[in-house]
Amino acid sequence: MSPVNQAVSILILLASFIAILETEPTVRSLAPGLFPLLEAFFVTVFIFEYLLRLYAVGEDTRYRGIAGRLRYIFSFWSLIDLIAILPFFLGFLAYNNAFLLRLLRLLRMLRLARLGRFSQAWSALADALHSRTHELLLSVGVAGLLLLFSSACLYVVEAASQPDAFGSVPRALWWSIATLTTVGYGDVTPITALGKVFAGITAVAGIGIIAMPTGILAAAFSDAFQNKDNTQGD
């Protein structure tokens, strides 16, 4: 990574950290005028860096001329750069809307996605997901079927005892999701013997469902980095 890209990466991290701090009212109240100044500084630097990048991209034969630069502007990473800048200007339109202001503060943290331009890990992640698309979709399908089956079973055996929680398959689906993902909020639990049996099966099956995509991604990452090492070695 070049020194310029390293500096930009550090600024992205700092800008994201400042955006996170700004969401805390007690911190924001200590220096209410500081955060807007810092945000203006970061946005100015990012705009300047974006314009320089737009100028320099003409060295690439794919983006020469006006048509080439327009094509670059609508490319993925260029749109990410614009999204990182946009919340600053939209903030003026949403000044009197507290919800939109909170949303825009959150959107500033999307600047972290810009690090993908400088990180090989994002490329490895994309390659891993692409190479295991079929297996990941299969695991999602299995999880969906198990959720539906679990919800239907809990509806049958628990609806009479707890109509508010299990009175329909959609209502029982919340419990199935919380249990299958091993979150287990505990706000709703089966009380019948048969319901507890189905709950135990769902909880145990949830461990396997979570482990399945984890193993798939681990193998995909290993293959992606091994292929990269082999390519560099050649």
# chains A, B, ... in the order shown; residues from 1 in each chain; ligands from 1

$ residues_around --residues "A:Ala152" --least-positions-apart "2" --cutoff "12 Å" --atoms "only C-alpha atoms" --output "mmCIF file with C-alpha atoms, in the first residue's frame"
data_model
loop_
_atom_site.group_PDB
_atom_site.id
_atom_site.type_symbol
_atom_site.label_atom_id
_atom_site.label_comp_id
_atom_site.auth_asym_id
_atom_site.auth_seq_id
_atom_site.Cartn_x
_atom_site.Cartn_y
_atom_site.Cartn_z
ATOM 1 C CA LEU A 145 -36.945 -25.349 6.161
ATOM 2 C CA LEU A 146 -35.937 -26.117 9.720
ATOM 3 C CA LEU A 147 -37.349 -22.782 10.915
ATOM 4 C CA LEU A 148 -40.633 -23.455 9.162
ATOM 5 C CA PHE A 149 -40.858 -27.032 10.484
ATOM 6 C CA SER A 150 -40.028 -25.936 14.037
ATOM 7 C CA LEU A 154 -44.628 -25.447 18.129
ATOM 8 C CA TYR A 155 -47.851 -24.003 16.750
ATOM 9 C CA VAL A 156 -49.516 -27.417 16.844
ATOM 10 C CA VAL A 157 -48.494 -28.349 20.400
ATOM 11 C CA GLU A 158 -48.338 -24.916 22.110
ATOM 12 C CA ALA A 159 -51.080 -22.827 20.501
ATOM 13 C CA PHE A 166 -47.594 -19.658 19.550
ATOM 14 C CA GLY A 167 -51.107 -18.925 18.293
ATOM 15 C CA SER A 168 -49.934 -18.977 14.660
ATOM 16 C CA VAL A 169 -46.954 -20.132 12.653
ATOM 17 C CA PRO A 170 -45.687 -16.546 12.165
ATOM 18 C CA ARG A 171 -45.848 -15.969 15.937
ATOM 19 C CA ALA A 172 -43.988 -19.199 16.628
ATOM 20 C CA LEU A 173 -41.427 -18.217 13.997
ATOM 21 C CA TRP A 174 -39.935 -15.571 16.324
ATOM 22 C CA TRP A 175 -39.213 -18.223 18.949
ATOM 23 C CA SER A 176 -37.725 -20.546 16.305
ATOM 24 C CA GLY A 195 -43.274 -28.605 23.065
ATOM 25 C CA PHE A 198 -39.428 -30.002 19.881
ATOM 26 C CA ALA A 199 -37.638 -27.076 21.513
ATOM 27 C CA THR A 202 -34.553 -27.186 17.484
#

$ atom_distance --atom1 "atom CA of A:Ile216" --atom2 "atom CA of A:Thr133"
9.8 Å

$ closest_residue --among "A:Phe17, A:Phe89, A:Tyr72, A:Trp77" --to "A:Ala40" --atoms "only C-alpha atoms"
A:Phe89

$ select_by_dssp --residues "stretch 24-224 of chain A" --states "helix (DSSP H, G or I)" --output "PyMOL selection string"
chain A and resi 25-30+34-59+61-63+65-73+76-93+98-117+120-131+133-158+163-166+169-180+193-224

$ residues_around --residues "A:Leu51" --least-positions-apart "6" --cutoff "12 Å" --atoms "only C-alpha atoms" --output "number ranges by chain"
A: 44-45, 57-58, 69, 72-73, 78, 81-82

$ write_last_selection --atoms "N, CA, C and O atoms" --output "compact mmCIF listing (two decimals), in the first residue's frame"
# COMPACT_ATOMS: atom_id res chain seq x y z
N THR A 44 -13.80 17.54 3.31
CA THR A 44 -12.96 18.32 2.39
C THR A 44 -11.80 17.48 1.87
O THR A 44 -11.50 17.48 0.67
N VAL A 45 -11.16 16.75 2.78
CA VAL A 45 -10.04 15.88 2.37
C VAL A 45 -10.53 14.79 1.43
O VAL A 45 -9.89 14.49 0.41
N VAL A 57 -7.25 8.70 -12.84
CA VAL A 57 -7.76 7.47 -13.42
C VAL A 57 -7.65 7.48 -14.95
O VAL A 57 -7.71 6.43 -15.60
N GLY A 58 -7.43 8.67 -15.51
CA GLY A 58 -7.25 8.77 -16.96
C GLY A 58 -6.02 8.04 -17.46
O GLY A 58 -5.90 7.75 -18.66
N ARG A 69 -14.23 8.48 -17.85
CA ARG A 69 -14.35 9.00 -16.49
C ARG A 69 -15.78 8.86 -15.96
O ARG A 69 -16.00 8.61 -14.78
N TYR A 72 -16.09 5.47 -14.82
CA TYR A 72 -15.42 5.30 -13.52
C TYR A 72 -16.30 5.84 -12.38
O TYR A 72 -16.37 5.24 -11.31
N ILE A 73 -16.96 6.98 -12.62
CA ILE A 73 -17.80 7.59 -11.58
C ILE A 73 -18.89 6.62 -11.13
O ILE A 73 -19.26 6.58 -9.95
N SER A 78 -16.07 3.85 -6.83
CA SER A 78 -16.31 5.28 -6.94
C SER A 78 -17.63 5.66 -6.27
O SER A 78 -17.73 6.70 -5.61
N ASP A 81 -17.09 5.84 -2.63
CA ASP A 81 -16.46 7.12 -2.27
C ASP A 81 -17.50 8.24 -2.16
O ASP A 81 -17.45 9.06 -1.24
N LEU A 82 -18.45 8.26 -3.10
CA LEU A 82 -19.48 9.30 -3.08
C LEU A 82 -20.42 9.13 -1.89
O LEU A 82 -20.84 10.11 -1.27

$ atom_distance --atom1 "atom CA of A:Ser16" --atom2 "atom CA of A:Ile47"
16.0 Å

$ residues_around --residues "stretch 123-132 of chain A" --least-positions-apart "2" --cutoff "7 Å" --atoms "only C-alpha atoms" --output "list in words"
Gln120, Ala121, His134, Glu135, Leu136, Leu217, Ala220, Phe221, Ala224 and Phe225 of chain A

$ write_last_selection --atoms "N, CA, C and O atoms" --output "CSV table (one decimal), in the first residue's frame"
chain,number,residue,atom,x,y,z
A,120,GLN,N,-6.7,-6.5,0.7
A,120,GLN,CA,-6.8,-7.7,0.0
A,120,GLN,C,-7.8,-8.7,0.6
A,120,GLN,O,-8.3,-9.6,0.0
A,121,ALA,N,-8.2,-8.4,1.9
A,121,ALA,CA,-9.1,-9.3,2.6
A,121,ALA,C,-10.5,-9.2,1.9
A,121,ALA,O,-11.2,-10.2,1.9
A,134,HIS,N,-23.2,-21.9,-4.1
A,134,HIS,CA,-24.1,-23.1,-4.1
A,134,HIS,C,-24.3,-23.7,-2.7
A,134,HIS,O,-25.4,-23.9,-2.2
A,135,GLU,N,-23.1,-23.9,-2.0
A,135,GLU,CA,-23.2,-24.5,-0.7
A,135,GLU,C,-23.8,-23.6,0.3
A,135,GLU,O,-24.6,-24.0,1.2
A,136,LEU,N,-23.5,-22.3,0.2
A,136,LEU,CA,-24.1,-21.3,1.2
A,136,LEU,C,-25.6,-21.2,0.9
A,136,LEU,O,-26.4,-21.1,1.9
A,217,LEU,N,-17.4,-21.4,4.8
A,217,LEU,CA,-16.6,-20.1,4.6
A,217,LEU,C,-15.1,-20.3,5.0
A,217,LEU,O,-14.2,-19.8,4.4
A,220,ALA,N,-13.5,-22.1,2.2
A,220,ALA,CA,-13.4,-21.2,1.1
A,220,ALA,C,-12.3,-20.2,1.3
A,220,ALA,O,-11.5,-19.9,0.3
A,221,PHE,N,-12.1,-19.6,2.5
A,221,PHE,CA,-11.1,-18.7,2.8
A,221,PHE,C,-9.7,-19.4,2.6
A,221,PHE,O,-8.8,-18.8,2.1
A,224,ALA,N,-9.0,-19.7,-1.0
A,224,ALA,CA,-8.7,-18.4,-1.7
A,224,ALA,C,-7.3,-17.9,-1.4
A,224,ALA,O,-6.6,-17.5,-2.3
A,225,PHE,N,-6.9,-18.0,-0.1
A,225,PHE,CA,-5.5,-17.6,0.2
A,225,PHE,C,-4.5,-18.5,-0.3
A,225,PHE,O,-3.4,-18.1,-0.7

$ residues_around --residues "A:Ile80" --least-positions-apart "4" --cutoff "12 Å" --atoms "only C-alpha atoms" --output "JSON, numbers by chain"
{"A": [46, 50, 72, 73, 74, 75, 76, 84, 85, 86, 107, 108, 109, 110, 111, 112, 113, 114, 115, 116, 117]}

$ atom_distance --atom1 "atom CA of A:Glu49" --atom2 "atom CA of A:Ile12"
11.8 Å

$ residues_around --residues "A:Ile209" --least-positions-apart "6" --cutoff "9 Å" --atoms "only C-alpha atoms" --output "number ranges by chain"
A: 139-140, 142-143, 180-181

$ closest_residue --among "A:Ser2, A:Ser9, A:Thr23, A:Asn227" --to "A:Leu106" --atoms "only C-alpha atoms"
A:Thr23
